[in-house]
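Accompanying notes for the structure given below.
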Amino acid sequence: SDGVAGDHGHDRLGTRANLSLKIEYIESLHTAVIFIACIGPYALIATGYTMVYGVLRMINFAHGEVFMSGPYTAYFVAAWFYRSGFLNAQPILCLAVIFLVSMSISVTIAFFLERIAYRPLRGAPRLIPLITAIGASFFLQYLFRGLYGSSFQAYPDIAMLEGHWMIGGIRILKFQAVVIVAAIVLMYALYSFVMKSRIGKAIRSVSEDKEASALMGIDVDRTIRLVFVIGGIMAGIAAVAWGLFFRQVSFFVGFIPGIKAFTAAVRLILRPAP
């Protein structure tokens with residue numbers, strides 16, 4: 001009887017050990033999901049740094065403010081939709097409009113930033129565009145502070161994105177899933193665009209040699225302008241994803257994510273466009 005009791009005791013210990021390992025495994029996967037959802041917006045911001053550096057060999061320190069401009073403006077659209085009840089009545093349509101507003105503002109800021117601040121300095125020593133980018137960053141910060149105020153604004157809750165899904169025992173919040181899927185799809189789409197389209201080939205050519213590209217008939221100014229537009233699109237989408245994940249926006253919200261994305265670009269992917 002003592003032997004049987006001992007066997008049962010070992011079985012219970014083994015079952016508890018297996019259960020503990022399973023719980024730790026599920027918790028690790030849940031932590032990984034949160035981590036991937038957090039870095040999704042940073043990855044999209046980092047593409048803007050990478051593409052500009054790959055083509056112009058300059059660090060666009062104002063890219064964080066390009067990121068900030070989109071969700072800060074789109075917040076007022078989201079708040080209006082929420083107050084009118086339209087946000088929860090037609091959430092997909094409202095999200096599409098919010099994303100379009102954010103992208104449009106970020107693209108507009110990126111376009112004029114290149115046209116006004118960077119294009120006249122294209123042949124200047126590399127330190128001058130760097131100082132200009134820092135100055136443009138402060139200018140945009142305080143421009144939007146003057147337009148929208150200095151207080152934090154909180155994105156409204158969207159009923160469709162509340163709650164969670166259970167996938168393989170892993171609890172995934174709905175807005176986390178949206179952020180992860182959007183980041184993966186956009187990164188793949190950008191890679192395919194750069195590697196397979198004619199415009200992408202032109203971007204890679206300009207990245208390698210601007211003079212030779214011009215001799216081959218490529219409009220270098222148009223290509224560089226398009227790089228800033230693409231960076232603005234990615235920043236605008238990343239910004240709304242940021243708003244869905246972290247909820248709050250302000251005139252200063254682009255600074256810290258911009259520094260973190262820049263660090264990621266330096267450490268991992270800061271190289272000429274492929």
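Residues are named by chain letter and number: chains run A, B, ... in the order of the structure tokens, numbers start at 1 in each chain, and ligands are numbered from 1 in the order shown.
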Cut-off 12 Å: closest range 42-125 of chain A/range 175-182 of chain A atom pairs per residue, using only C-alpha atoms, as CSV:
residue,atom,partner,partner_atom,distance
A:Tyr42,CA,A:Val179,CA,11.2
A:Ala43,CA,A:Ile180,CA,10.8
A:Leu44,CA,A:Ala182,CA,9.8
A:Ile92,CA,A:Val178,CA,12.0
A:Leu95,CA,A:Val178,CA,11.4
A:Phe99,CA,A:Ala182,CA,11.6
Give me, as JSON lines, each residue of range 162-191 of chain A that comes within 12 Å of range 195-202 of chain A, together with its shortest interatomic pair and the distance in Å at one decimal, counting only C-alpha atoms, with rows ordered by chain and rising residue number.
{"residue": "A:Tyr188", "atom": "CA", "partner": "A:Met195", "partner_atom": "CA", "distance": 10.5}
{"residue": "A:Ala189", "atom": "CA", "partner": "A:Met195", "partner_atom": "CA", "distance": 9.9}
{"residue": "A:Leu190", "atom": "CA", "partner": "A:Met195", "partner_atom": "CA", "distance": 8.5}
{"residue": "A:Tyr191", "atom": "CA", "partner": "A:Met195", "partner_atom": "CA", "distance": 6.0}
So that I can see what lies close to range 221-237 of chain A, please list as an mmCIF file with all heavy atoms, in the first residue's frame the residues with an atom at most 9 Å from it, counting only C-alpha atoms and leaving out residues fewer than 3 positions away in the same chain.
data_model
loop_
_atom_site.group_PDB
_atom_site.id
_atom_site.type_symbol
_atom_site.label_atom_id
_atom_site.label_comp_id
_atom_site.auth_asym_id
_atom_site.auth_seq_id
_atom_site.Cartn_x
_atom_site.Cartn_y
_atom_site.Cartn_z
ATOM 1 N N PRO A 41 4.241 49.498 -34.082
ATOM 2 C CA PRO A 41 4.351 50.897 -34.497
ATOM 3 C C PRO A 41 5.794 51.382 -34.631
ATOM 4 O O PRO A 41 6.113 52.145 -35.545
ATOM 5 C CB PRO A 41 3.621 51.648 -33.373
ATOM 6 C CG PRO A 41 2.672 50.646 -32.801
ATOM 7 C CD PRO A 41 3.389 49.339 -32.895
ATOM 8 N N LEU A 44 7.208 50.361 -37.981
ATOM 9 C CA LEU A 44 6.706 51.177 -39.085
ATOM 10 C C LEU A 44 7.363 52.559 -39.096
ATOM 11 O O LEU A 44 7.658 53.109 -40.162
ATOM 12 C CB LEU A 44 5.185 51.312 -38.976
ATOM 13 C CG LEU A 44 4.385 50.009 -39.118
ATOM 14 C CD1 LEU A 44 2.896 50.271 -38.913
ATOM 15 C CD2 LEU A 44 4.627 49.375 -40.481
ATOM 16 N N ILE A 45 7.576 53.136 -37.902
ATOM 17 C CA ILE A 45 8.277 54.427 -37.847
ATOM 18 C C ILE A 45 9.707 54.274 -38.343
ATOM 19 O O ILE A 45 10.228 55.123 -39.074
ATOM 20 C CB ILE A 45 8.280 54.983 -36.406
ATOM 21 C CG1 ILE A 45 6.868 55.138 -35.875
ATOM 22 C CG2 ILE A 45 8.973 56.339 -36.354
ATOM 23 C CD1 ILE A 45 6.803 55.430 -34.379
ATOM 24 N N ALA A 46 10.358 53.183 -37.950
ATOM 25 C CA ALA A 46 11.764 52.976 -38.309
ATOM 26 C C ALA A 46 11.955 52.877 -39.814
ATOM 27 O O ALA A 46 13.019 53.227 -40.328
ATOM 28 C CB ALA A 46 12.302 51.716 -37.628
ATOM 29 N N THR A 47 10.938 52.397 -40.540
ATOM 30 C CA THR A 47 11.074 52.324 -42.001
ATOM 31 C C THR A 47 11.268 53.713 -42.607
ATOM 32 O O THR A 47 11.968 53.859 -43.616
ATOM 33 C CB THR A 47 9.847 51.657 -42.632
ATOM 34 O OG1 THR A 47 8.664 52.383 -42.278
ATOM 35 C CG2 THR A 47 9.708 50.213 -42.180
ATOM 36 N N GLY A 48 10.621 54.739 -42.006
ATOM 37 C CA GLY A 48 10.795 56.095 -42.506
ATOM 38 C C GLY A 48 12.231 56.564 -42.348
ATOM 39 O O GLY A 48 12.818 57.144 -43.276
ATOM 40 N N TYR A 49 12.814 56.320 -41.171
ATOM 41 C CA TYR A 49 14.227 56.658 -40.966
ATOM 42 C C TYR A 49 15.113 55.920 -41.963
ATOM 43 O O TYR A 49 16.029 56.489 -42.561
ATOM 44 C CB TYR A 49 14.654 56.285 -39.543
ATOM 45 C CG TYR A 49 14.207 57.224 -38.462
ATOM 46 C CD1 TYR A 49 13.238 56.851 -37.555
ATOM 47 C CD2 TYR A 49 14.774 58.491 -38.342
ATOM 48 C CE1 TYR A 49 12.827 57.701 -36.542
ATOM 49 C CE2 TYR A 49 14.372 59.345 -37.333
ATOM 50 C CZ TYR A 49 13.399 58.943 -36.441
ATOM 51 O OH TYR A 49 13.004 59.806 -35.444
ATOM 52 N N MET A 51 14.468 54.444 -44.947
ATOM 53 C CA MET A 51 14.357 54.783 -46.368
ATOM 54 C C MET A 51 14.998 56.136 -46.668
ATOM 55 O O MET A 51 15.695 56.287 -47.675
ATOM 56 C CB MET A 51 12.895 54.760 -46.796
ATOM 57 C CG MET A 51 12.291 53.363 -46.777
ATOM 58 S SD MET A 51 10.683 53.287 -47.585
ATOM 59 C CE MET A 51 11.137 53.570 -49.299
ATOM 60 N N VAL A 52 14.763 57.118 -45.790
ATOM 61 C CA VAL A 52 15.363 58.436 -46.021
ATOM 62 C C VAL A 52 16.878 58.350 -45.936
ATOM 63 O O VAL A 52 17.595 58.918 -46.769
ATOM 64 C CB VAL A 52 14.803 59.467 -45.018
ATOM 65 C CG1 VAL A 52 15.592 60.775 -45.089
ATOM 66 C CG2 VAL A 52 13.339 59.726 -45.298
ATOM 67 N N VAL A 55 18.412 56.679 -49.067
ATOM 68 C CA VAL A 55 18.438 57.458 -50.305
ATOM 69 C C VAL A 55 19.271 58.722 -50.168
ATOM 70 O O VAL A 55 20.051 59.065 -51.063
ATOM 71 C CB VAL A 55 16.990 57.806 -50.737
ATOM 72 C CG1 VAL A 55 17.000 58.771 -51.915
ATOM 73 C CG2 VAL A 55 16.237 56.535 -51.101
ATOM 74 N N LEU A 56 19.140 59.438 -49.054
ATOM 75 C CA LEU A 56 19.805 60.737 -48.897
ATOM 76 C C LEU A 56 21.022 60.707 -47.978
ATOM 77 O O LEU A 56 21.750 61.695 -47.886
ATOM 78 C CB LEU A 56 18.812 61.769 -48.357
ATOM 79 C CG LEU A 56 17.695 62.208 -49.303
ATOM 80 C CD1 LEU A 56 16.783 63.190 -48.608
ATOM 81 C CD2 LEU A 56 18.261 62.815 -50.576
ATOM 82 N N HIS A 63 11.181 63.112 -38.262
ATOM 83 C CA HIS A 63 10.226 62.062 -38.606
ATOM 84 C C HIS A 63 9.297 61.737 -37.433
ATOM 85 O O HIS A 63 8.147 61.338 -37.644
ATOM 86 C CB HIS A 63 10.983 60.798 -39.050
ATOM 87 C CG HIS A 63 10.091 59.764 -39.668
ATOM 88 N ND1 HIS A 63 9.382 59.988 -40.830
ATOM 89 C CD2 HIS A 63 9.789 58.497 -39.276
ATOM 90 C CE1 HIS A 63 8.682 58.910 -41.131
ATOM 91 N NE2 HIS A 63 8.899 57.990 -40.207
ATOM 92 N N GLY A 64 9.778 61.893 -36.206
ATOM 93 C CA GLY A 64 8.904 61.694 -35.055
ATOM 94 C C GLY A 64 7.739 62.666 -35.055
ATOM 95 O O GLY A 64 6.615 62.320 -34.644
ATOM 96 N N VAL A 66 6.489 64.001 -37.866
ATOM 97 C CA VAL A 66 5.624 63.512 -38.944
ATOM 98 C C VAL A 66 4.666 62.461 -38.376
ATOM 99 O O VAL A 66 3.470 62.445 -38.676
ATOM 100 C CB VAL A 66 6.464 62.916 -40.097
ATOM 101 C CG1 VAL A 66 5.570 62.263 -41.147
ATOM 102 C CG2 VAL A 66 7.328 63.998 -40.740
ATOM 103 N N PHE A 67 5.201 61.593 -37.531
ATOM 104 C CA PHE A 67 4.398 60.580 -36.839
ATOM 105 C C PHE A 67 3.364 61.238 -35.916
ATOM 106 O O PHE A 67 2.197 60.828 -35.881
ATOM 107 C CB PHE A 67 5.349 59.676 -36.043
ATOM 108 C CG PHE A 67 4.689 58.835 -34.995
ATOM 109 C CD1 PHE A 67 4.102 57.634 -35.322
ATOM 110 C CD2 PHE A 67 4.693 59.237 -33.671
ATOM 111 C CE1 PHE A 67 3.495 56.846 -34.346
ATOM 112 C CE2 PHE A 67 4.100 58.460 -32.687
ATOM 113 C CZ PHE A 67 3.499 57.264 -33.033
ATOM 114 N N MET A 68 3.769 62.263 -35.178
ATOM 115 C CA MET A 68 2.877 62.914 -34.219
ATOM 116 C C MET A 68 1.719 63.637 -34.901
ATOM 117 O O MET A 68 0.581 63.637 -34.406
ATOM 118 C CB MET A 68 3.689 63.902 -33.366
ATOM 119 C CG MET A 68 2.868 64.813 -32.456
ATOM 120 S SD MET A 68 2.322 66.355 -33.252
ATOM 121 C CE MET A 68 3.883 67.152 -33.575
ATOM 122 N N SER A 69 1.974 64.249 -36.031
ATOM 123 C CA SER A 69 0.975 65.106 -36.666
ATOM 124 C C SER A 69 -0.280 64.341 -37.075
ATOM 125 O O SER A 69 -1.388 64.882 -36.999
ATOM 126 C CB SER A 69 1.590 65.791 -37.895
ATOM 127 O OG SER A 69 1.952 64.830 -38.882
ATOM 128 N N GLY A 70 -0.114 63.084 -37.497
ATOM 129 C CA GLY A 70 -1.256 62.306 -37.973
ATOM 130 C C GLY A 70 -2.268 61.977 -36.891
ATOM 131 O O GLY A 70 -3.445 62.367 -36.985
ATOM 132 N N PRO A 71 -1.854 61.268 -35.824
ATOM 133 C CA PRO A 71 -2.858 60.874 -34.825
ATOM 134 C C PRO A 71 -3.395 62.039 -34.009
ATOM 135 O O PRO A 71 -4.521 61.988 -33.527
ATOM 136 C CB PRO A 71 -2.095 59.904 -33.924
ATOM 137 C CG PRO A 71 -0.676 60.347 -34.011
ATOM 138 C CD PRO A 71 -0.524 60.799 -35.441
ATOM 139 N N PHE A 99 -7.798 56.520 -40.227
ATOM 140 C CA PHE A 99 -6.511 56.172 -40.829
ATOM 141 C C PHE A 99 -6.195 57.092 -42.010
ATOM 142 O O PHE A 99 -5.047 57.541 -42.166
ATOM 143 C CB PHE A 99 -6.515 54.713 -41.296
ATOM 144 C CG PHE A 99 -6.100 53.735 -40.240
ATOM 145 C CD1 PHE A 99 -7.032 52.937 -39.613
ATOM 146 C CD2 PHE A 99 -4.778 53.598 -39.867
ATOM 147 C CE1 PHE A 99 -6.660 52.027 -38.633
ATOM 148 C CE2 PHE A 99 -4.381 52.702 -38.893
ATOM 149 C CZ PHE A 99 -5.331 51.910 -38.272
ATOM 150 N N LEU A 100 -7.188 57.376 -42.845
ATOM 151 C CA LEU A 100 -6.953 58.236 -44.012
ATOM 152 C C LEU A 100 -6.574 59.655 -43.588
ATOM 153 O O LEU A 100 -5.676 60.264 -44.189
ATOM 154 C CB LEU A 100 -8.205 58.261 -44.899
ATOM 155 C CG LEU A 100 -8.457 57.024 -45.750
ATOM 156 C CD1 LEU A 100 -9.804 57.127 -46.459
ATOM 157 C CD2 LEU A 100 -7.336 56.838 -46.777
ATOM 158 N N VAL A 101 -7.247 60.179 -42.572
ATOM 159 C CA VAL A 101 -6.910 61.519 -42.075
ATOM 160 C C VAL A 101 -5.489 61.545 -41.536
ATOM 161 O O VAL A 101 -4.695 62.453 -41.838
ATOM 162 C CB VAL A 101 -7.914 61.965 -40.998
ATOM 163 C CG1 VAL A 101 -7.432 63.245 -40.313
ATOM 164 C CG2 VAL A 101 -9.292 62.179 -41.609
ATOM 165 N N SER A 102 -5.147 60.539 -40.734
ATOM 166 C CA SER A 102 -3.802 60.479 -40.161
ATOM 167 C C SER A 102 -2.741 60.381 -41.245
ATOM 168 O O SER A 102 -1.735 61.103 -41.217
ATOM 169 C CB SER A 102 -3.704 59.285 -39.209
ATOM 170 O OG SER A 102 -2.413 59.191 -38.650
ATOM 171 N N MET A 103 -2.970 59.497 -42.222
ATOM 172 C CA MET A 103 -2.001 59.349 -43.321
ATOM 173 C C MET A 103 -1.891 60.630 -44.130
ATOM 174 O O MET A 103 -0.786 61.038 -44.509
ATOM 175 C CB MET A 103 -2.402 58.181 -44.225
ATOM 176 C CG MET A 103 -2.144 56.814 -43.629
ATOM 177 S SD MET A 103 -2.396 55.485 -44.832
ATOM 178 C CE MET A 103 -4.178 55.577 -45.062
ATOM 179 N N SER A 104 -3.021 61.267 -44.400
ATOM 180 C CA SER A 104 -3.002 62.493 -45.219
ATOM 181 C C SER A 104 -2.196 63.597 -44.538
ATOM 182 O O SER A 104 -1.380 64.273 -45.191
ATOM 183 C CB SER A 104 -4.435 62.976 -45.470
ATOM 184 O OG SER A 104 -5.169 62.001 -46.166
ATOM 185 N N ILE A 105 -2.409 63.779 -43.235
ATOM 186 C CA ILE A 105 -1.673 64.820 -42.513
ATOM 187 C C ILE A 105 -0.186 64.489 -42.466
ATOM 188 O O ILE A 105 0.675 65.350 -42.730
ATOM 189 C CB ILE A 105 -2.234 64.995 -41.096
ATOM 190 C CG1 ILE A 105 -3.692 65.480 -41.149
ATOM 191 C CG2 ILE A 105 -1.384 65.977 -40.299
ATOM 192 C CD1 ILE A 105 -3.879 66.820 -41.811
ATOM 193 N N SER A 106 0.155 63.240 -42.156
ATOM 194 C CA SER A 106 1.566 62.851 -42.069
ATOM 195 C C SER A 106 2.254 62.972 -43.424
ATOM 196 O O SER A 106 3.399 63.430 -43.503
ATOM 197 C CB SER A 106 1.687 61.413 -41.540
ATOM 198 O OG SER A 106 1.270 61.330 -40.195
ATOM 199 N N VAL A 107 1.571 62.564 -44.484
ATOM 200 C CA VAL A 107 2.145 62.683 -45.830
ATOM 201 C C VAL A 107 2.344 64.152 -46.201
ATOM 202 O O VAL A 107 3.382 64.524 -46.775
ATOM 203 C CB VAL A 107 1.238 61.983 -46.859
ATOM 204 C CG1 VAL A 107 1.621 62.382 -48.281
ATOM 205 C CG2 VAL A 107 1.348 60.469 -46.703
ATOM 206 N N THR A 108 1.368 64.995 -45.875
ATOM 207 C CA THR A 108 1.485 66.426 -46.191
ATOM 208 C C THR A 108 2.680 67.049 -45.462
ATOM 209 O O THR A 108 3.468 67.800 -46.062
ATOM 210 C CB THR A 108 0.189 67.158 -45.799
ATOM 211 O OG1 THR A 108 -0.907 66.591 -46.509
ATOM 212 C CG2 THR A 108 0.298 68.642 -46.126
ATOM 213 N N ILE A 109 2.821 66.733 -44.176
ATOM 214 C CA ILE A 109 3.952 67.268 -43.402
ATOM 215 C C ILE A 109 5.271 66.759 -43.983
ATOM 216 O O ILE A 109 6.234 67.534 -44.162
ATOM 217 C CB ILE A 109 3.833 66.869 -41.923
ATOM 218 C CG1 ILE A 109 2.603 67.519 -41.281
ATOM 219 C CG2 ILE A 109 5.087 67.254 -41.150
ATOM 220 C CD1 ILE A 109 2.641 69.020 -41.221
ATOM 221 N N ALA A 110 5.343 65.470 -44.305
ATOM 222 C CA ALA A 110 6.576 64.900 -44.860
ATOM 223 C C ALA A 110 6.905 65.531 -46.209
ATOM 224 O O ALA A 110 8.071 65.831 -46.505
ATOM 225 C CB ALA A 110 6.434 63.387 -44.997
ATOM 226 N N PHE A 111 5.887 65.746 -47.039
ATOM 227 C CA PHE A 111 6.092 66.332 -48.367
ATOM 228 C C PHE A 111 6.680 67.734 -48.263
ATOM 229 O O PHE A 111 7.695 68.057 -48.904
ATOM 230 C CB PHE A 111 4.766 66.355 -49.122
ATOM 231 C CG PHE A 111 4.838 67.006 -50.473
ATOM 232 C CD1 PHE A 111 5.237 66.283 -51.576
ATOM 233 C CD2 PHE A 111 4.509 68.345 -50.632
ATOM 234 C CE1 PHE A 111 5.311 66.884 -52.833
ATOM 235 C CE2 PHE A 111 4.574 68.952 -51.871
ATOM 236 C CZ PHE A 111 4.981 68.222 -52.970
ATOM 237 N N LEU A 113 8.083 69.104 -45.679
ATOM 238 C CA LEU A 113 9.360 69.051 -44.975
ATOM 239 C C LEU A 113 10.502 68.831 -45.961
ATOM 240 O O LEU A 113 11.538 69.512 -45.915
ATOM 241 C CB LEU A 113 9.322 67.935 -43.939
ATOM 242 C CG LEU A 113 10.472 67.841 -42.935
ATOM 243 C CD1 LEU A 113 10.502 69.078 -42.045
ATOM 244 C CD2 LEU A 113 10.308 66.589 -42.084
ATOM 245 N N GLU A 114 10.296 67.886 -46.871
ATOM 246 C CA GLU A 114 11.325 67.627 -47.892
ATOM 247 C C GLU A 114 11.466 68.814 -48.840
ATOM 248 O O GLU A 114 12.579 69.213 -49.184
ATOM 249 C CB GLU A 114 10.957 66.362 -48.674
ATOM 250 C CG GLU A 114 12.025 65.882 -49.635
ATOM 251 C CD GLU A 114 11.981 66.565 -51.000
ATOM 252 O OE1 GLU A 114 10.878 67.021 -51.400
ATOM 253 O OE2 GLU A 114 13.037 66.641 -51.654
ATOM 254 N N ARG A 115 10.333 69.372 -49.230
ATOM 255 C CA ARG A 115 10.358 70.441 -50.241
ATOM 256 C C ARG A 115 10.957 71.734 -49.696
ATOM 257 O O ARG A 115 11.746 72.393 -50.383
ATOM 258 C CB ARG A 115 8.926 70.714 -50.723
ATOM 259 C CG ARG A 115 8.828 71.740 -51.854
ATOM 260 C CD ARG A 115 9.483 71.214 -53.111
ATOM 261 N NE ARG A 115 9.470 72.210 -54.166
ATOM 262 C CZ ARG A 115 10.405 73.153 -54.332
ATOM 263 N NH1 ARG A 115 11.414 73.230 -53.472
ATOM 264 N NH2 ARG A 115 10.327 73.998 -55.316
ATOM 265 N N ARG A 119 15.316 69.871 -49.473
ATOM 266 C CA ARG A 119 15.750 69.948 -50.878
ATOM 267 C C ARG A 119 16.763 71.058 -51.125
ATOM 268 O O ARG A 119 17.756 70.839 -51.839
ATOM 269 C CB ARG A 119 14.550 70.097 -51.814
ATOM 270 C CG ARG A 119 14.962 69.992 -53.282
ATOM 271 C CD ARG A 119 13.807 70.195 -54.234
ATOM 272 N NE ARG A 119 12.778 69.190 -54.047
ATOM 273 C CZ ARG A 119 11.690 69.120 -54.812
ATOM 274 N NH1 ARG A 119 11.497 70.017 -55.780
ATOM 275 N NH2 ARG A 119 10.794 68.182 -54.600
ATOM 276 N N ALA A 182 -1.711 44.599 -38.929
ATOM 277 C CA ALA A 182 -1.434 45.781 -39.747
ATOM 278 C C ALA A 182 0.070 45.965 -39.958
ATOM 279 O O ALA A 182 0.514 46.255 -41.075
ATOM 280 C CB ALA A 182 -2.035 47.019 -39.090
ATOM 281 N N ALA A 183 0.861 45.799 -38.900
ATOM 282 C CA ALA A 183 2.312 45.969 -39.021
ATOM 283 C C ALA A 183 2.911 44.936 -39.960
ATOM 284 O O ALA A 183 3.732 45.264 -40.840
ATOM 285 C CB ALA A 183 2.970 45.868 -37.642
ATOM 286 N N LEU A 186 1.782 45.632 -43.664
ATOM 287 C CA LEU A 186 2.412 46.830 -44.220
ATOM 288 C C LEU A 186 3.904 46.627 -44.474
ATOM 289 O O LEU A 186 4.431 47.087 -45.503
ATOM 290 C CB LEU A 186 2.195 48.015 -43.276
ATOM 291 C CG LEU A 186 0.776 48.586 -43.279
ATOM 292 C CD1 LEU A 186 0.592 49.549 -42.128
ATOM 293 C CD2 LEU A 186 0.485 49.282 -44.601
ATOM 294 N N LEU A 190 5.450 46.915 -48.150
ATOM 295 C CA LEU A 190 6.537 47.827 -48.469
ATOM 296 C C LEU A 190 7.718 47.091 -49.080
ATOM 297 O O LEU A 190 8.316 47.558 -50.055
ATOM 298 C CB LEU A 190 6.971 48.562 -47.198
ATOM 299 C CG LEU A 190 8.133 49.549 -47.365
ATOM 300 C CD1 LEU A 190 7.761 50.664 -48.329
ATOM 301 C CD2 LEU A 190 8.546 50.133 -46.016
ATOM 302 N N ILE A 199 8.824 51.652 -59.521
ATOM 303 C CA ILE A 199 9.176 52.759 -58.630
ATOM 304 C C ILE A 199 10.164 52.287 -57.567
ATOM 305 O O ILE A 199 11.113 52.993 -57.212
ATOM 306 C CB ILE A 199 7.910 53.338 -57.977
ATOM 307 C CG1 ILE A 199 6.971 53.896 -59.050
ATOM 308 C CG2 ILE A 199 8.265 54.428 -56.971
ATOM 309 C CD1 ILE A 199 5.639 54.379 -58.526
ATOM 310 N N ALA A 202 13.482 52.188 -59.003
ATOM 311 C CA ALA A 202 14.023 53.550 -59.114
ATOM 312 C C ALA A 202 14.556 54.024 -57.760
ATOM 313 O O ALA A 202 15.619 54.655 -57.690
ATOM 314 C CB ALA A 202 12.935 54.495 -59.617
ATOM 315 N N ILE A 203 13.851 53.710 -56.695
ATOM 316 C CA ILE A 203 14.312 54.086 -55.346
ATOM 317 C C ILE A 203 15.649 53.425 -55.048
ATOM 318 O O ILE A 203 16.583 54.062 -54.542
ATOM 319 C CB ILE A 203 13.254 53.705 -54.289
ATOM 320 C CG1 ILE A 203 12.014 54.582 -54.449
ATOM 321 C CG2 ILE A 203 13.827 53.841 -52.877
ATOM 322 C CD1 ILE A 203 10.850 54.169 -53.562
ATOM 323 N N VAL A 206 18.408 55.152 -57.136
ATOM 324 C CA VAL A 206 18.798 56.452 -56.582
ATOM 325 C C VAL A 206 19.611 56.260 -55.310
ATOM 326 O O VAL A 206 20.550 57.012 -55.039
ATOM 327 C CB VAL A 206 17.542 57.313 -56.324
ATOM 328 C CG1 VAL A 206 17.898 58.588 -55.566
ATOM 329 C CG2 VAL A 206 16.864 57.661 -57.643
ATOM 330 N N ILE A 218 15.909 58.532 -64.711
ATOM 331 C CA ILE A 218 15.105 58.520 -63.493
ATOM 332 C C ILE A 218 15.010 59.935 -62.939
ATOM 333 O O ILE A 218 16.023 60.635 -62.840
ATOM 334 C CB ILE A 218 15.717 57.571 -62.443
ATOM 335 C CG1 ILE A 218 15.697 56.128 -62.955
ATOM 336 C CG2 ILE A 218 14.976 57.672 -61.113
ATOM 337 C CD1 ILE A 218 16.414 55.153 -62.047
ATOM 338 N N VAL A 240 -1.841 55.878 -35.780
ATOM 339 C CA VAL A 240 -3.174 55.457 -35.334
ATOM 340 C C VAL A 240 -3.076 54.152 -34.551
ATOM 341 O O VAL A 240 -3.769 53.956 -33.546
ATOM 342 C CB VAL A 240 -4.129 55.313 -36.534
ATOM 343 C CG1 VAL A 240 -5.481 54.773 -36.077
ATOM 344 C CG2 VAL A 240 -4.325 56.662 -37.216
ATOM 345 N N ALA A 241 -2.189 53.239 -35.003
ATOM 346 C CA ALA A 241 -1.962 52.009 -34.239
ATOM 347 C C ALA A 241 -1.461 52.343 -32.833
ATOM 348 O O ALA A 241 -1.864 51.718 -31.848
ATOM 349 C CB ALA A 241 -0.954 51.117 -34.968
ATOM 350 N N TRP A 242 -0.594 53.334 -32.756
ATOM 351 C CA TRP A 242 -0.108 53.809 -31.453
ATOM 352 C C TRP A 242 -1.273 54.337 -30.613
ATOM 353 O O TRP A 242 -1.386 54.062 -29.419
ATOM 354 C CB TRP A 242 0.927 54.902 -31.671
ATOM 355 C CG TRP A 242 1.353 55.617 -30.427
ATOM 356 C CD1 TRP A 242 0.705 56.654 -29.801
ATOM 357 C CD2 TRP A 242 2.511 55.353 -29.627
ATOM 358 N NE1 TRP A 242 1.400 57.052 -28.690
ATOM 359 C CE2 TRP A 242 2.512 56.267 -28.556
ATOM 360 C CE3 TRP A 242 3.563 54.452 -29.739
ATOM 361 C CZ2 TRP A 242 3.501 56.301 -27.603
ATOM 362 C CZ3 TRP A 242 4.556 54.479 -28.771
ATOM 363 C CH2 TRP A 242 4.527 55.385 -27.725
#
**Message:** I'd like to know which residues of range 71-263 of chain A are strand (DSSP E) (by DSSP, run on the backbone); could you write them as an NGL selection string?
**Reply:** :A and (153-154 or 164-167 or 170-173 or 248-249)
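Proximity of A:Val220, A:Thr50, A:Phe61, A:Leu29 to Ile259 in chain A, computed with only C-alpha atoms, is greatest for A:Phe61.
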**Message:** For Phe251 in chain A, find every residue with an atom within 8 Å (counting only C-alpha atoms), except residues of its own chain fewer than 5 positions away, and show them as a PyMOL selection string.
**Reply:** chain A and resi 68-69+72+141-142+144-145+148-150
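Taking CA of Ile134 in chain A and CA of Phe255 in chain A as endpoints, the distance between them is 11.1 Å.
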**Message:** Can you tell me, as a PyMOL selection string, which residues in range 48-258 of chain A count as alpha helix (DSSP H) by DSSP?
**Reply:** chain A and resi 48-56+63-84+86-89+91-112+127-148+174-196+198-208+210-215+220-246+255-258
**Item:** Interatomic distance (Å, one decimal) between CA of Leu143 in chain A and CA of Ala239 in chain A
**Value:** 18.1 Å
**Request:** Would you mind listing what lies within 8 Å of Met58 in chain A as a ChimeraX atom specification, with only C-alpha atoms counted and same-chain residues fewer than 2 positions away left out?
**Result:** /A:52-53,56,60,126,129-130
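We find CA of Gly243 in chain A and CA of Ile131 in chain A to be spaced 29.3 Å apart.
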**Prompt:** Using only C-alpha atoms, which residues sit within 8 Å of His164 in chain A once same-chain residues fewer than 2 positions away are excluded, as a PyMOL selection string?
**Reply:** chain A and resi 162+166+171-174
